[in-house]
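Report on one structure; see the data block that follows.
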Amino acid sequence: MAEHGEHACQQVDGGITRVFGLFGKRWTGLIVSVLMQRPVYFAELRRAIPGISERMLSDRLTELAAAGLVVREVDEGPPLRVAYRLTDAGAALEPALKELGRWAEDHLPGGVEDGAC
C-alpha cells in the first residue's frame, strides 16, 4: 500500500516537464522524425505528415526553432524555397525517439500505416 504521509508528495522532474511541454503537442514528434532523415523543404514536410495543415506545420516549426531544435534555411531561388533541418540538439533526440518507437511497437495496440509521399 502506498504511503500517504508528508514524504509521499512527489513532483514531476523539471526536464520531463519541459520535454512534454514541447513534445506533448500534436505533430511535434512527427516533424522531428521526418527531419531526422535529412533537411526537408516545407512542402515536402507537409506531404510527409498527412493531416497537418500549413498553419499548424508553420507554428510547430516556429516552436521547434525557438527551442533550438530546428533551423530554417531560405534558398533564394528562384523559386524561393524554405528548408528545415535539425540542429545538433535536435539530432541528439534520435536515440530517444527510436526507443519510443520500439516501445510503441511492443506495447501499444494497432499502429498507424506509413503514409505514402
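Each chain of the C-alpha cells is named A, B, ... in the order shown, its residues numbered from 1; ligands are numbered from 1 in display order.
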Next item on the list: Skip A:Ala67 itself and residues of its chain fewer than 5 positions away, then list as a list of chain:residue names all residues within 10 Å of it, counting only C-alpha atoms.
Entry: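 My reading of the contact set: A:Leu22, A:Leu61, A:Thr62, A:Ala89, A:Gly90.
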Next item on the list: Rank nothing, just name the residue among A:Gly29, A:Gly68, A:Pro39, A:Gly77 nearest to A:Gly101, using only C-alpha atoms.
Entry: A:Gly29
Check: Looking only at the backbone, which of the residues in stretch 29-87 of chain A does DSSP tag as strand (DSSP E), as an MDAnalysis selection string?
Finding: chainID A and resid 40:41 70:75 81:86
Take the residues just selected and output them with C-alpha atoms as a compact mmCIF listing (two decimals), in the first residue's frame.
```
# COMPACT_ATOMS: atom_id res chain seq x y z
CA VAL A 40 13.40 18.95 -45.97
CA TYR A 41 11.60 21.73 -47.80
CA VAL A 70 15.34 23.21 -35.90
CA VAL A 71 16.98 25.70 -38.26
CA ARG A 72 15.10 27.45 -41.07
CA GLU A 73 17.17 27.99 -44.22
CA VAL A 74 15.99 30.11 -47.14
CA ASP A 75 17.04 29.18 -50.67
CA ARG A 81 12.15 27.84 -51.09
CA VAL A 82 12.46 27.28 -47.37
CA ALA A 83 14.13 24.18 -45.96
CA TYR A 84 14.31 22.95 -42.38
CA ARG A 85 16.95 20.84 -40.71
CA LEU A 86 17.69 19.66 -37.21
```
Notebook entry, point to check: Could you pull the residues within 12 Å of A:Leu57, counting only C-alpha atoms, minus those fewer than 2 positions along the same chain, as number ranges by chain?
Noted result: A: 25-32, 41-55, 59-64, 84
Next item on the list: Could you jot down the atom CA of A:Pro78 to atom CA of A:Met56 separation for me, Å, one decimal place?
Entry: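 About the pair atom CA of A:Pro78 and atom CA of A:Met56: they are 25.8 Å apart.
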Next item on the list: Go through A:Leu35, A:Leu108, A:Leu97, A:Leu80 and flag the residue nearest A:Phe23, using only C-alpha atoms for the distances.
Entry: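 Going through A:Leu35, A:Leu108, A:Leu97, A:Leu80 one by one, the smallest distance to A:Phe23 is for A:Leu97.
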